[in-house]
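> Pasting a structure below so you can have a look.
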Amino acid sequence: MTNDNALILESTISLVLLIIQVPATAILLSRLLKGPRRHPPIEPQQPTPELLGRVSVVVPTLNEALRISPLLAGLSRQSYEVREIVVVDSNSSDGTPDLVKAMQQKDPRFRLMTDDPLPSGWVGRPWALHNGFLDSSEASEWFLGLDADIQPHSGLVAGLMKTAEAQGYDLVSLSPQFILKYPGECWLQPALLMTLLYRFDPAGINTQQPERVMANGQCFLCRRSVLAAVGGYSSASSSFCDDVTLARNIAVQGYKVGFLDGAKVLKVRMYEGAMETWKEWGRSLDLKDASSRSQLWGDLWLLFAVQGLPLLIILTYLLISLSPSLETRLMSQRVAGVPPVVATGVASLPTPSFLLLGLNLFLVVIRFGMLLAIAPSYDRQSAKGSWLFWLSPLADPLAVLRIFLSAFRTPREWRGRKYSDG
C-alpha cells in the first residue's frame with residue numbers, strides 16, 4: 001500500500017470513529033454536567049413522632065447466613081418509625097432462618113416467613129418481595145425493600161423517609177457505599193459501576209423520562225398505596241433487574257420516582273473478588289429486562305463509544321508512533337518537501353486523526369476525573385491493593401465487553417435458583 005493510500009485509509013477510519021464518538025460524547029457531557037445540581041447525599045437522621053410505625057421493612061433471603069448479620073443488627077437499631085421487619089426466606093439450607101429467629105428473640109418487630117413455591121413466570125427475588133408486601137401490615141404507609149447484603153446506618157430509615165416526604169417522592173431508592181476488599185475488585189468494580197453512571201443521570205437528579213429512570217433494589221422505599229396500585233411486584237415478575245423495571249413502570253403511571261446518593265447511610269458488600277463481581281453483577285448491569293430493544297442498543301453504542309474505545313484508540317496511536325512505519329512516512333514527507341514535524345509524529349497526523357486523538361484524550365481525562373467523583377462511594381479502608389482503584393479506567397474496555405456479553409444472554413441461574421431458557 002502506498003503512503004498516500006495509507007493516509008487516506010487512516011483519515012477514513014478516523015472520520016468513521018469521530019462520527020461514532022462525537023454524538024455519544026455530547027450525550028455523556030449533557031448528563032455529567034447535571035452533577036452540580038444534584039440532591040446532596042442522604043444523611044442519617046433521628047426519627048420524630050409523626051413517623052411512628054409508618055414503615056414495613058421486607059428482606060428477601062436465600063442462603064444469606066454468611067452476610068446477613070450486619071443487616072439484622074442494623075435494622076434492630078432503627079427506631080420506632082419501623083413497624084415491622086418481615087424476612088421472606090426461600091427455604092434456605094444454611095441457617096439463615098435461625099439467625100432471624102435469634103434476632104426475633106431480641107426484637108419482636110422481626111418476623112420470619114417462607115414464601116410459596118416459585119410459580120412459572122416469576123424470578124425468585126421479586127416473588128419473595130411480592131409475598132412480603134402482601135403479608136406486611138396495611139397500616140404502614142411505606143414499604144421498604146432491603147437486600148440481605150447491606151449494612152445500614154442507624155439513622156437510615158428516618159433519613160430516607162424524611163427526604164422522601166420533603167421532596168414529594170412516591171418511590172425513592174439509594175445508591176450505597178461499596179465495600180472493597182481485594183485487588184481485583186478494586187480495579188474492576190469501579191469500571192463496571194461507570195457503565196451505569198455514563199448511561200443515566202447522576203444520583204440526585206430528577207429524571208423526567210420514565211424509560212431513563214434508575215433504581216436500586218438494595219434500598220427501595222415506596223408508598224404502599226402506589227405499590228398496591230401497580231399490583232405489587234407482579235409487573236416485574238420475570239425481570240432479573242426487577243428494581244429498575246418496577247421503578248420505570250411506576251414512573252410511567254405518573255408517580256414521582258427518585259434515585260439518590262445513600263453512601264452516608266448504607267454500605268454493601270456485594271461480591272467476593274473480581275471473578276464473582278464479573279459473573280454476578282456484570283450479568284444484570286445491561287438492564288435489558290427494563291429496556292426496549294432500541295434503548296438497549298443505544299446504551300451499548302454510547303458505552304462502546306465513550307468508555308470502551310478511548311484507551312484502545314490512544315494505545316493504537318502510541319503503537320503506531322513507535323513503529324518503523326511512522327519513520328518511513330515521515331521520511332517520505334521530507335522527500336516530498338513537507339516541513340519537519342515533532343518527533344512524536346502527532347503533528348504529522350491527518351486532520352481527522354488529530355481530532356480523533358484529541359477527543360479520546362479528552363474522554364480519558366474525564367474518566368480519570370470521575371474517579372474523584374465516585375471515591376466517596378467506596379469504602380477501601382481494609383482493601384488490599386486499594387491503590388488499584390485509581391487505575392480502574394484501564395479496566396473500561398473489559399467492563400464494556402461484559403455489558404455486551406450480558407446483553408445477549410438470558411441468565412439460567414440467579415441467586416441460587418436455576419431457570420429454564422424461557
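The chains in the C-alpha cells are called A, B, ... from first to last as shown; in each chain the residues are counted from 1, and the ligands are counted from 1 in the order shown.
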Can you tell me which residues surround Ala26 in chain A at a distance of at most 12 Å, considering only C-alpha atoms, apart from same-chain residues fewer than 3 positions away, and format the answer as number ranges by chain?

A: 18-23, 29-33, 198, 302, 305-306, 359, 363

> DSSP on the backbone: what in range 35-277 of chain A comes out strand (DSSP E or B), as a ChimeraX atom specification?

/A:55-61,82-89,110-114,142-146,150-152,171-175,177-179,219-223,257-261,266-268

> Hey, what's within 12 Å of Ile179 in chain A if we count only C-alpha atoms and toss same-chain stuff fewer than 4 positions away? As a ChimeraX atom specification, please?

/A:149-151,185-186,189-190,263,266-273,375-384,386

> Output N, CA and C atoms of each residue in that selection to a file, as a short mmCIF file (atom, residue, chain, number, x, y, z; two decimals), in the first residue's frame.


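So result27.cif came out as:
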data_model
loop_
_atom_site.label_atom_id
_atom_site.label_comp_id
_atom_site.auth_asym_id
_atom_site.auth_seq_id
_atom_site.Cartn_x
_atom_site.Cartn_y
_atom_site.Cartn_z
N ASP A 149 -27.45 -8.11 51.90
CA ASP A 149 -26.03 -7.79 51.95
C ASP A 149 -25.72 -6.35 52.34
N ILE A 150 -26.73 -5.56 52.68
CA ILE A 150 -26.46 -4.17 53.04
C ILE A 150 -26.17 -4.04 54.53
N GLN A 151 -25.48 -2.96 54.86
CA GLN A 151 -25.13 -2.65 56.25
C GLN A 151 -25.65 -1.25 56.53
N GLU A 185 -11.06 -6.61 42.54
CA GLU A 185 -12.33 -5.88 42.54
C GLU A 185 -12.10 -4.38 42.68
N CYS A 186 -10.99 -3.97 43.35
CA CYS A 186 -10.66 -2.54 43.40
C CYS A 186 -10.43 -1.99 42.00
N GLN A 189 -14.41 -3.31 39.74
CA GLN A 189 -15.75 -2.88 40.16
C GLN A 189 -16.06 -1.43 39.80
N PRO A 190 -15.14 -0.47 40.00
CA PRO A 190 -15.46 0.90 39.59
C PRO A 190 -15.69 1.06 38.09
N ALA A 263 -24.61 6.95 50.15
CA ALA A 263 -23.30 6.48 50.62
C ALA A 263 -23.08 6.77 52.10
N LEU A 266 -25.78 3.80 54.10
CA LEU A 266 -25.71 2.35 53.96
C LEU A 266 -24.49 1.94 53.16
N LYS A 267 -23.92 0.81 53.58
CA LYS A 267 -22.83 0.18 52.87
C LYS A 267 -23.29 -1.18 52.36
N VAL A 268 -22.54 -1.71 51.40
CA VAL A 268 -22.89 -3.03 50.88
C VAL A 268 -21.62 -3.78 50.50
N ARG A 269 -21.61 -5.04 50.86
CA ARG A 269 -20.54 -5.94 50.41
C ARG A 269 -21.20 -6.93 49.48
N MET A 270 -21.12 -6.66 48.17
CA MET A 270 -21.92 -7.41 47.21
C MET A 270 -21.31 -8.76 46.86
N TYR A 271 -20.06 -8.75 46.41
CA TYR A 271 -19.46 -9.98 45.89
C TYR A 271 -18.02 -10.11 46.38
N GLU A 272 -17.54 -11.34 46.42
CA GLU A 272 -16.20 -11.63 46.91
C GLU A 272 -15.22 -11.77 45.75
N GLY A 273 -14.50 -10.71 45.47
CA GLY A 273 -13.45 -10.75 44.48
C GLY A 273 -13.90 -10.37 43.09
N ALA A 375 -15.19 8.44 44.38
CA ALA A 375 -14.39 7.96 45.51
C ALA A 375 -15.18 7.85 46.81
N PRO A 376 -16.09 8.82 47.14
CA PRO A 376 -16.87 8.67 48.37
C PRO A 376 -17.84 7.48 48.35
N SER A 377 -18.08 6.91 47.18
CA SER A 377 -18.97 5.76 47.08
C SER A 377 -18.26 4.45 47.38
N TYR A 378 -17.03 4.51 47.83
CA TYR A 378 -16.26 3.30 48.12
C TYR A 378 -15.63 3.36 49.50
N ASP A 379 -15.74 2.24 50.21
CA ASP A 379 -15.03 2.04 51.47
C ASP A 379 -13.85 1.12 51.15
N ARG A 380 -12.65 1.71 51.10
CA ARG A 380 -11.45 0.96 50.75
C ARG A 380 -10.48 0.85 51.92
N GLN A 381 -10.97 1.11 53.12
CA GLN A 381 -10.09 1.17 54.28
C GLN A 381 -9.38 -0.16 54.55
N SER A 382 -10.09 -1.27 54.36
CA SER A 382 -9.49 -2.57 54.64
C SER A 382 -9.14 -3.33 53.36
N ALA A 383 -9.15 -2.65 52.24
CA ALA A 383 -8.91 -3.32 50.95
C ALA A 383 -7.42 -3.54 50.72
N LYS A 384 -7.09 -4.69 50.19
CA LYS A 384 -5.74 -4.97 49.74
C LYS A 384 -5.59 -4.42 48.32
N SER A 386 -5.68 -1.26 47.45
CA SER A 386 -6.70 -0.23 47.23
C SER A 386 -6.26 0.81 46.20
#

> Rounded to one decimal place, report the CA of Met161 in chain A-CA of Ser140 in chain A distance in Å.

12.5 Å

> Please identify all polymer residues within 10 Å of Lys288 in chain A, counting only C-alpha atoms, omitting same-chain residues fewer than 5 positions from it, and present them as a PyMOL selection string.

chain A and resi 239-241+245+283+293+295-297+406-410

> Using all heavy atoms, can you write the selected residues to a file as a compact mmCIF listing (two decimals), in the first residue's frame?


# COMPACT_ATOMS: atom_id res chain seq x y z
N SER A 239 -38.49 -10.21 35.63
CA SER A 239 -37.32 -9.38 35.38
C SER A 239 -36.17 -9.75 36.30
O SER A 239 -36.35 -9.90 37.51
CB SER A 239 -37.68 -7.91 35.57
OG SER A 239 -36.53 -7.09 35.43
N PHE A 240 -34.97 -9.86 35.72
CA PHE A 240 -33.78 -10.07 36.52
C PHE A 240 -33.19 -8.74 37.01
O PHE A 240 -32.17 -8.74 37.71
CB PHE A 240 -32.73 -10.84 35.71
CG PHE A 240 -33.10 -12.28 35.51
CD1 PHE A 240 -33.68 -12.70 34.32
CD2 PHE A 240 -32.88 -13.21 36.50
CE1 PHE A 240 -34.03 -14.03 34.13
CE2 PHE A 240 -33.22 -14.55 36.32
CZ PHE A 240 -33.79 -14.96 35.12
N CYS A 241 -33.81 -7.63 36.65
CA CYS A 241 -33.49 -6.33 37.25
C CYS A 241 -34.83 -5.71 37.68
O CYS A 241 -35.23 -4.67 37.20
CB CYS A 241 -32.73 -5.42 36.29
SG CYS A 241 -33.53 -5.13 34.70
N THR A 245 -37.08 -2.24 36.58
CA THR A 245 -38.33 -2.50 35.85
C THR A 245 -39.52 -1.93 36.61
O THR A 245 -40.37 -1.24 36.04
CB THR A 245 -38.52 -4.00 35.64
OG1 THR A 245 -37.43 -4.52 34.88
CG2 THR A 245 -39.82 -4.29 34.90
N ARG A 283 -23.77 -9.53 34.92
CA ARG A 283 -24.84 -10.04 34.07
C ARG A 283 -26.17 -9.32 34.27
O ARG A 283 -27.14 -9.60 33.56
CB ARG A 283 -25.01 -11.54 34.32
CG ARG A 283 -25.44 -11.91 35.72
CD ARG A 283 -25.54 -13.41 35.86
NE ARG A 283 -25.81 -13.81 37.23
CZ ARG A 283 -26.00 -15.07 37.61
NH1 ARG A 283 -25.94 -16.03 36.72
NH2 ARG A 283 -26.23 -15.36 38.87
N ARG A 293 -35.64 -2.62 23.07
CA ARG A 293 -34.51 -3.05 22.26
C ARG A 293 -33.72 -1.84 21.73
O ARG A 293 -32.49 -1.85 21.72
CB ARG A 293 -35.01 -3.91 21.10
CG ARG A 293 -33.93 -4.42 20.17
CD ARG A 293 -32.89 -5.26 20.88
NE ARG A 293 -33.45 -6.44 21.50
CZ ARG A 293 -32.71 -7.37 22.12
NH1 ARG A 293 -31.39 -7.22 22.19
NH2 ARG A 293 -33.28 -8.41 22.67
N GLN A 295 -33.50 1.14 23.08
CA GLN A 295 -32.79 1.76 24.18
C GLN A 295 -31.54 0.96 24.54
O GLN A 295 -30.47 1.53 24.81
CB GLN A 295 -33.69 1.87 25.41
CG GLN A 295 -33.04 2.56 26.60
CD GLN A 295 -33.96 2.64 27.80
OE1 GLN A 295 -35.17 2.48 27.68
NE2 GLN A 295 -33.40 2.89 28.97
N LEU A 296 -31.66 -0.36 24.54
CA LEU A 296 -30.51 -1.21 24.83
C LEU A 296 -29.40 -0.99 23.82
O LEU A 296 -28.22 -0.82 24.18
CB LEU A 296 -30.94 -2.68 24.85
CG LEU A 296 -29.84 -3.70 25.09
CD1 LEU A 296 -29.18 -3.49 26.45
CD2 LEU A 296 -30.40 -5.12 24.98
N TRP A 297 -29.76 -0.97 22.53
CA TRP A 297 -28.75 -0.74 21.50
C TRP A 297 -28.13 0.65 21.62
O TRP A 297 -26.93 0.83 21.40
CB TRP A 297 -29.35 -0.94 20.12
CG TRP A 297 -29.41 -2.38 19.70
CD1 TRP A 297 -30.51 -3.19 19.64
CD2 TRP A 297 -28.30 -3.19 19.29
NE1 TRP A 297 -30.15 -4.45 19.23
CE2 TRP A 297 -28.80 -4.48 19.01
CE3 TRP A 297 -26.94 -2.96 19.15
CZ2 TRP A 297 -28.00 -5.53 18.57
CZ3 TRP A 297 -26.12 -4.00 18.72
CH2 TRP A 297 -26.66 -5.27 18.44
N SER A 406 -23.48 -9.73 28.42
CA SER A 406 -24.71 -9.92 29.19
C SER A 406 -25.96 -9.54 28.39
O SER A 406 -27.01 -10.15 28.55
CB SER A 406 -24.65 -9.09 30.48
OG SER A 406 -25.84 -9.21 31.22
N ALA A 407 -25.83 -8.53 27.53
CA ALA A 407 -26.99 -8.01 26.81
C ALA A 407 -27.63 -9.05 25.90
O ALA A 407 -28.82 -8.94 25.59
CB ALA A 407 -26.59 -6.78 26.00
N PHE A 408 -26.88 -10.05 25.50
CA PHE A 408 -27.41 -11.02 24.55
C PHE A 408 -27.55 -12.42 25.17
O PHE A 408 -27.66 -13.41 24.46
CB PHE A 408 -26.51 -11.07 23.32
CG PHE A 408 -26.37 -9.73 22.66
CD1 PHE A 408 -25.19 -9.00 22.77
CD2 PHE A 408 -27.42 -9.17 21.95
CE1 PHE A 408 -25.06 -7.76 22.17
CE2 PHE A 408 -27.30 -7.93 21.36
CZ PHE A 408 -26.11 -7.22 21.47
N ARG A 409 -27.55 -12.47 26.50
CA ARG A 409 -27.72 -13.75 27.19
C ARG A 409 -28.78 -13.62 28.27
O ARG A 409 -28.79 -12.64 29.02
CB ARG A 409 -26.40 -14.21 27.82
CG ARG A 409 -25.29 -14.51 26.83
CD ARG A 409 -24.02 -14.92 27.57
NE ARG A 409 -22.92 -15.17 26.64
CZ ARG A 409 -21.67 -15.46 27.03
NH1 ARG A 409 -21.39 -15.52 28.32
NH2 ARG A 409 -20.73 -15.67 26.14
N THR A 410 -29.66 -14.61 28.36
CA THR A 410 -30.62 -14.66 29.44
C THR A 410 -30.07 -15.56 30.54
O THR A 410 -29.66 -16.69 30.27
CB THR A 410 -31.96 -15.24 28.95
OG1 THR A 410 -32.49 -14.39 27.93
CG2 THR A 410 -32.97 -15.34 30.10

> I need the residues of range 106-309 of chain A that end up classed as helix (DSSP H, G or I) by DSSP on the backbone, written out as an MDAnalysis selection string.

chainID A and resid 106 124:135 156:167 183:199 210:212 224:229 234:236 242:252 273:281 288:290 293:308
